[in-house]
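Remarks on the structure that follows.
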Amino acid sequence: MADVAIPRAKPQISEDSAWTQLKHNRNWLGFWFMVPAMAFLIFFLAYPLGLGIWLSFTDTRIGRVGHFVATENYEWLWDDSIFWLSVFNTLLYTFVASALKFAIGLYLALLLNENMPFKAMLRAMVLIPFIVPTVLSALAFWWIFDSQFSIISWSLRHLGLINQNINFLGDTTWARICVIFANIWRGVPFVAITLLAGLQTVSPSLYEAATLDGATRWQNFRYITYPLLTPIIAVVMTFSVLFTFTDFQLIWAMTRGGPVNATHLMATLSYQRAIIAGQLGEGAAISSAMIPFLLAAIMVSWFGLQRRKWQQGESND
Amino acid sequence: MTDLPASKVDLKSVISAPARVDNSEGMSYLQSVPRRIVTLSLPLTIIVVVLLFPFYWMALTSVKPDEQLLDLDRYNPFWTWNPTFKHFHKLLFESYYPHWLWNTMYVAICATVLSIIASVLAAYAIVRLRYKGANLVGGLIFLAYLVPPSILFIPLATVVFQYGLFDSPLALILTYPTILIPFSTWLLMGYFKTIPFELEECALIDGASRWQILIKIVLPLAIPGLISAFIFCFTLCWNEFIYALTFLQSTSNKTVPVAIVNEFVDGDIYRWGSLMAGALAGSLPLVILYAFFVEHYVSAMTGAVKE
């Protein structure tokens, strides 16, 4: 009996331990838990990203498989003045809008951080432009900037400041100002609320100590608020620059790149060339050309952040 | 913001100053009332008015009769005495608008649910299983968040076409998670980290499997985080434009943002009323959702940034 029982018991134990081992092996378990997320990200993000770069080296069109043409698309773009105009527009749009979003957002965050009535309600209301779908608010701006029925022109005319309606979206300079304004309008709440969250982590006792030492409001801001807020500023501005740089919907809803390509960003130009004109390869080249700029933006803010961290250890400058 | 509430608050903070526990008002009580109006109330009022004016204008336009919209000389454009619901009526009964709303809702809910499931599993594995390479994968997921849709939509269009998903809501349901998963994974990672590890250890010793721990212990404790992730993902889906514009073709399949831009706008100047009514109606679900869950929304937005 004993002879039979032992060999029967043995495999049972080892089978059991193999199963429990598998159940408790963190590496395998971790792998299975990651499968759904990884599947999405590989099939619909990593693979298309690679495919996009490959497409930019082909002459693919809609409905036709392309051939490898090496850097022809890029050489073509190099000589294309509209492409360079879109690069210029994108940089201008990103730079001006991000800078103003940061300035106004920080100012608004400081204001909202003050003690006042209806604080919670005000903070909630301020965020609404960020909640509402961009396209829908862009349409509201489209109507506000209408060439004939603009409420701004009407108000200025009745105040006696102008004689003629301003052709907001039909004039190249005005159109640029308008889309940048709309972008700032939409982006300020995000910057403000995020910085506000950062401001609330700053201990008030620091300000009290500084004020007792005779610091002015500006010195309070410069030597306490700003250094302590730097990490969150770096993150917010990375996101802000990234999303402004790759903005598509606001422009598409307001101007579609017009008038005379004055508001074409790289994203809208690539949509126009790839989807509307059917030149997938060329469109892919334009959007691939955005990658170096994006990497640069990420690097700058990343290293900026590292430097600040290092500096904070040394001194508070 | 009149001076009355401002002065009230000054009084209150001065009174409560000696025994203050919450120091959030700082030293603002040292400032005089007129100074506070100039430095605080006035700029704040201007900013808030500018931020909210487009919505007022949208709402007003959507209830104005057509003739008042286009005749700025005889009517005061800032107000109307005879509001009409004609534009909304037209929108709801004479256009595909209900269809579009339904499509948007359907796509947003499916994509959000899929993403949350995938993110919960991924975040739990990264934070608690700590398998080999968990940190690397976490970093890669964060990088995925930085890849913008405007770079991906061209190759994705060809992929969607190859898989036979073109012009079907499934194309959006499967592609949106790539935007949502990185964000909600990072958000949930933060939440899972705050759940005491001892709870899980006890359960492990009592013989619970990882799966049971996740379902019965971690998820119930992470409900605020799940709500935040859900709201934020839903908002992002509702907002998404470029994929919906590229992957959908037939009028009845479109989502609200794309449909409004393409179907109401043909240079037809007389449809401003419907256009604004459509924009308003398309924004309302999000604003209502947001009104109920403000703090969740804000924590979602700032939570991911703080990480």
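Naming works like this for the structure tokens: A, B, ... for the chains as they're shown, residue 1 at the start of each chain, ligands 1 onward in shown order.
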
Would you list the contacts of region 117-132 of chain A as a PDB file with C-alpha atoms, in the first residue's frame, taking every protein, DNA or RNA residue within 8 Å and counting only C-alpha atoms, but skipping same-chain residues closer than 4 positions in sequence?
ATOM      1  CA  LEU A 112      -8.017  82.078  -7.580  1.00  0.00           C
ATOM      2  CA  LEU A 136     -18.015  73.371 -30.591  1.00  0.00           C
ATOM      3  CA  SER A 137     -16.414  76.334 -28.874  1.00  0.00           C
ATOM      4  CA  TRP A 185      -9.014  81.002 -24.310  1.00  0.00           C
ATOM      5  CA  ARG A 186      -9.265  77.245 -24.329  1.00  0.00           C
ATOM      6  CA  GLY A 187      -5.878  76.529 -22.760  1.00  0.00           C
ATOM      7  CA  PRO A 189      -8.223  77.052 -17.626  1.00  0.00           C
ATOM      8  CA  PHE A 190      -6.062  73.926 -17.786  1.00  0.00           C
ATOM      9  CA  ILE A 193      -6.293  74.948 -12.424  1.00  0.00           C
TER      10      ILE A 193
ATOM     11  CA  PRO B   5     -18.910  90.125  -0.414  1.00  0.00           C
ATOM     12  CA  ALA B   6     -15.281  91.188  -0.674  1.00  0.00           C
ATOM     13  CA  VAL B   9     -14.566  88.138   3.601  1.00  0.00           C
ATOM     14  CA  VAL B  48     -14.266  85.093 -16.047  1.00  0.00           C
ATOM     15  CA  LEU B  51     -13.989  82.860 -20.504  1.00  0.00           C
ATOM     16  CA  LEU B  52     -17.749  82.507 -20.299  1.00  0.00           C
ATOM     17  CA  THR B 235     -14.775  63.869 -21.956  1.00  0.00           C
ATOM     18  CA  ASN B 239     -14.037  65.912 -27.637  1.00  0.00           C
ATOM     19  CA  SER B 283     -21.703  70.603 -25.016  1.00  0.00           C
ATOM     20  CA  LEU B 286     -20.412  67.171 -20.717  1.00  0.00           C
ATOM     21  CA  VAL B 287     -21.163  70.312 -18.735  1.00  0.00           C
ATOM     22  CA  TYR B 290     -18.858  67.947 -15.071  1.00  0.00           C
ATOM     23  CA  ALA B 291     -21.168  69.925 -12.767  1.00  0.00           C
ATOM     24  CA  VAL B 294     -16.181  68.688 -10.534  1.00  0.00           C
TER      25      VAL B 294
END

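Using only C-alpha atoms, the contacts of Ser147 (chain A) at a cut-off of 10 Å, with sequence neighbours closer than 6 positions omitted, comprise Ser153, Asn165, Ile166, Asn167, Phe168, Leu169, Gly170 and Asp171 of chain A.
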
Those residues with C-alpha atoms, as a CSV table (one decimal), in the first residue's frame please?
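Resulting contents of part-v4.csv:
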chain,number,residue,atom,x,y,z
A,153,SER,CA,-17.2,94.7,-34.8
A,165,ASN,CA,-16.4,95.8,-39.7
A,166,ILE,CA,-13.2,94.0,-39.1
A,167,ASN,CA,-12.7,91.1,-41.5
A,168,PHE,CA,-11.5,88.9,-38.6
A,169,LEU,CA,-11.1,85.5,-40.4
A,170,GLY,CA,-10.6,86.9,-43.9
A,171,ASP,CA,-7.5,88.9,-43.2

(message) Can you work out which residues from chain B touch chain A at a cut-off of 7 Å (counting only C-alpha atoms) and hand them back as a ChimeraX atom specification?
(response) /B:5-6,9,23-26,40,44,48,51,54,58,70,118-119,121-122,125,129,131-132,148,150-152,154-156,175,177-178,181,238-239,241-242,257,261,276,279,283,286-287,294,302,305-306

(request) Show which residues sit within 10 Å of Lys86 (chain B), as an MDAnalysis selection string. Count only C-alpha atoms, and ignore same-chain residues fewer than 6 positions away. (result) chainID B and resid 62:66 92 273:274 277

(request) Go through region 166-233 of chain A and collect every residue that DSSP, computed from the backbone, puts in helix (DSSP H, G or I); the answer should be as a PyMOL selection string. (result) chain A and resi 172-199+204-212+217-233

Please produce a file of those selected residues containing N, CA and C atoms, as a compact mmCIF listing (two decimals), in the first residue's frame.
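After the write, again-v3.txt holds the following:
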# COMPACT_ATOMS: atom_id res chain seq x y z
N THR A 172 -5.24 87.98 -43.24
CA THR A 172 -4.24 87.03 -42.74
C THR A 172 -3.80 87.34 -41.31
N THR A 173 -3.50 88.61 -41.03
CA THR A 173 -3.02 88.95 -39.69
C THR A 173 -4.12 88.71 -38.65
N TRP A 174 -5.31 89.22 -38.96
CA TRP A 174 -6.41 89.05 -38.01
C TRP A 174 -6.73 87.59 -37.79
N ALA A 175 -6.69 86.79 -38.87
CA ALA A 175 -7.03 85.38 -38.73
C ALA A 175 -6.06 84.70 -37.76
N ARG A 176 -4.76 85.04 -37.89
CA ARG A 176 -3.78 84.46 -36.98
C ARG A 176 -4.07 84.88 -35.54
N ILE A 177 -4.36 86.17 -35.37
CA ILE A 177 -4.65 86.64 -34.01
C ILE A 177 -5.87 85.91 -33.45
N CYS A 178 -6.89 85.74 -34.28
CA CYS A 178 -8.13 85.11 -33.82
C CYS A 178 -7.91 83.66 -33.39
N VAL A 179 -7.19 82.88 -34.20
CA VAL A 179 -7.02 81.47 -33.81
C VAL A 179 -6.13 81.38 -32.57
N ILE A 180 -5.14 82.25 -32.48
CA ILE A 180 -4.29 82.21 -31.29
C ILE A 180 -5.11 82.59 -30.05
N PHE A 181 -5.97 83.60 -30.23
CA PHE A 181 -6.82 84.01 -29.11
C PHE A 181 -7.70 82.84 -28.65
N ALA A 182 -8.33 82.17 -29.63
CA ALA A 182 -9.22 81.05 -29.28
C ALA A 182 -8.43 79.95 -28.57
N ASN A 183 -7.22 79.71 -29.03
CA ASN A 183 -6.40 78.67 -28.40
C ASN A 183 -6.05 79.05 -26.96
N ILE A 184 -5.70 80.31 -26.76
CA ILE A 184 -5.38 80.76 -25.40
C ILE A 184 -6.62 80.63 -24.52
N TRP A 185 -7.75 81.06 -25.05
CA TRP A 185 -9.01 81.00 -24.31
C TRP A 185 -9.27 79.58 -23.82
N ARG A 186 -9.00 78.62 -24.70
CA ARG A 186 -9.26 77.24 -24.33
C ARG A 186 -8.21 76.67 -23.38
N GLY A 187 -6.96 77.14 -23.52
CA GLY A 187 -5.88 76.53 -22.76
C GLY A 187 -5.68 77.10 -21.37
N VAL A 188 -6.07 78.37 -21.17
CA VAL A 188 -5.82 79.02 -19.88
C VAL A 188 -6.41 78.24 -18.70
N PRO A 189 -7.67 77.76 -18.78
CA PRO A 189 -8.22 77.05 -17.63
C PRO A 189 -7.38 75.86 -17.19
N PHE A 190 -6.89 75.10 -18.13
CA PHE A 190 -6.06 73.93 -17.79
C PHE A 190 -4.82 74.36 -17.02
N VAL A 191 -4.11 75.35 -17.58
CA VAL A 191 -2.89 75.83 -16.93
C VAL A 191 -3.22 76.38 -15.54
N ALA A 192 -4.30 77.19 -15.48
CA ALA A 192 -4.62 77.85 -14.22
C ALA A 192 -4.97 76.83 -13.14
N ILE A 193 -5.84 75.89 -13.46
CA ILE A 193 -6.29 74.95 -12.42
C ILE A 193 -5.14 74.05 -11.98
N THR A 194 -4.30 73.64 -12.93
CA THR A 194 -3.19 72.78 -12.54
C THR A 194 -2.20 73.53 -11.67
N LEU A 195 -1.89 74.78 -12.05
CA LEU A 195 -0.97 75.56 -11.23
C LEU A 195 -1.58 75.86 -9.87
N LEU A 196 -2.90 76.04 -9.85
CA LEU A 196 -3.58 76.29 -8.58
C LEU A 196 -3.39 75.09 -7.65
N ALA A 197 -3.52 73.90 -8.22
CA ALA A 197 -3.29 72.70 -7.41
C ALA A 197 -1.88 72.70 -6.85
N GLY A 198 -0.92 73.18 -7.68
CA GLY A 198 0.46 73.27 -7.20
C GLY A 198 0.61 74.32 -6.12
N LEU A 199 -0.05 75.47 -6.30
CA LEU A 199 0.05 76.57 -5.34
C LEU A 199 -0.43 76.14 -3.95
N PRO A 204 1.75 78.21 3.66
CA PRO A 204 1.61 79.66 3.89
C PRO A 204 2.63 80.16 4.89
N SER A 205 3.14 79.29 5.74
CA SER A 205 4.08 79.77 6.76
C SER A 205 5.36 80.33 6.11
N LEU A 206 5.68 79.82 4.92
CA LEU A 206 6.84 80.35 4.19
C LEU A 206 6.65 81.82 3.88
N TYR A 207 5.43 82.16 3.40
CA TYR A 207 5.15 83.57 3.07
C TYR A 207 5.18 84.43 4.32
N GLU A 208 4.62 83.88 5.40
CA GLU A 208 4.59 84.67 6.62
C GLU A 208 6.00 84.96 7.12
N ALA A 209 6.83 83.94 7.07
CA ALA A 209 8.22 84.13 7.50
C ALA A 209 8.91 85.17 6.62
N ALA A 210 8.70 85.05 5.29
CA ALA A 210 9.35 85.97 4.37
C ALA A 210 8.84 87.39 4.59
N THR A 211 7.53 87.53 4.80
CA THR A 211 6.96 88.86 4.98
C THR A 211 7.50 89.49 6.26
N LEU A 212 7.65 88.68 7.30
CA LEU A 212 8.23 89.21 8.53
C LEU A 212 9.66 89.71 8.30
N ARG A 217 5.70 91.61 -2.12
CA ARG A 217 4.87 90.60 -2.80
C ARG A 217 5.63 89.97 -3.96
N TRP A 218 6.34 90.82 -4.69
CA TRP A 218 7.10 90.30 -5.83
C TRP A 218 8.19 89.33 -5.36
N GLN A 219 8.89 89.71 -4.28
CA GLN A 219 9.93 88.81 -3.76
C GLN A 219 9.34 87.51 -3.26
N ASN A 220 8.15 87.59 -2.64
CA ASN A 220 7.46 86.38 -2.22
C ASN A 220 7.26 85.45 -3.41
N PHE A 221 6.78 86.06 -4.50
CA PHE A 221 6.51 85.25 -5.67
C PHE A 221 7.80 84.69 -6.26
N ARG A 222 8.79 85.58 -6.40
CA ARG A 222 10.02 85.22 -7.11
C ARG A 222 10.84 84.17 -6.35
N TYR A 223 10.90 84.30 -5.03
CA TYR A 223 11.80 83.42 -4.29
C TYR A 223 11.10 82.29 -3.54
N ILE A 224 9.76 82.32 -3.46
CA ILE A 224 9.07 81.20 -2.81
C ILE A 224 8.18 80.47 -3.81
N THR A 225 7.18 81.21 -4.35
CA THR A 225 6.20 80.54 -5.21
C THR A 225 6.86 79.92 -6.42
N TYR A 226 7.63 80.73 -7.14
CA TYR A 226 8.15 80.27 -8.42
C TYR A 226 9.06 79.04 -8.30
N PRO A 227 10.05 79.06 -7.39
CA PRO A 227 10.90 77.86 -7.28
C PRO A 227 10.13 76.61 -6.87
N LEU A 228 9.16 76.78 -5.95
CA LEU A 228 8.43 75.60 -5.49
C LEU A 228 7.47 75.09 -6.57
N LEU A 229 7.09 75.98 -7.46
CA LEU A 229 6.12 75.61 -8.49
C LEU A 229 6.80 75.05 -9.74
N THR A 230 8.13 75.22 -9.82
CA THR A 230 8.82 74.87 -11.06
C THR A 230 8.53 73.47 -11.59
N PRO A 231 8.55 72.42 -10.77
CA PRO A 231 8.30 71.10 -11.35
C PRO A 231 6.95 71.01 -12.04
N ILE A 232 5.92 71.56 -11.40
CA ILE A 232 4.59 71.47 -12.00
C ILE A 232 4.50 72.36 -13.23
N ILE A 233 5.21 73.50 -13.20
CA ILE A 233 5.23 74.36 -14.39
C ILE A 233 5.83 73.61 -15.57

(request) Would you mind reading off the distance between CA of Leu174 (chain B) and CA of Phe292 (chain B), one decimal, in Å? (result)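 Interatomic distance, CA of Leu174 (chain B) to CA of Phe292 (chain B): 28.2 Å.
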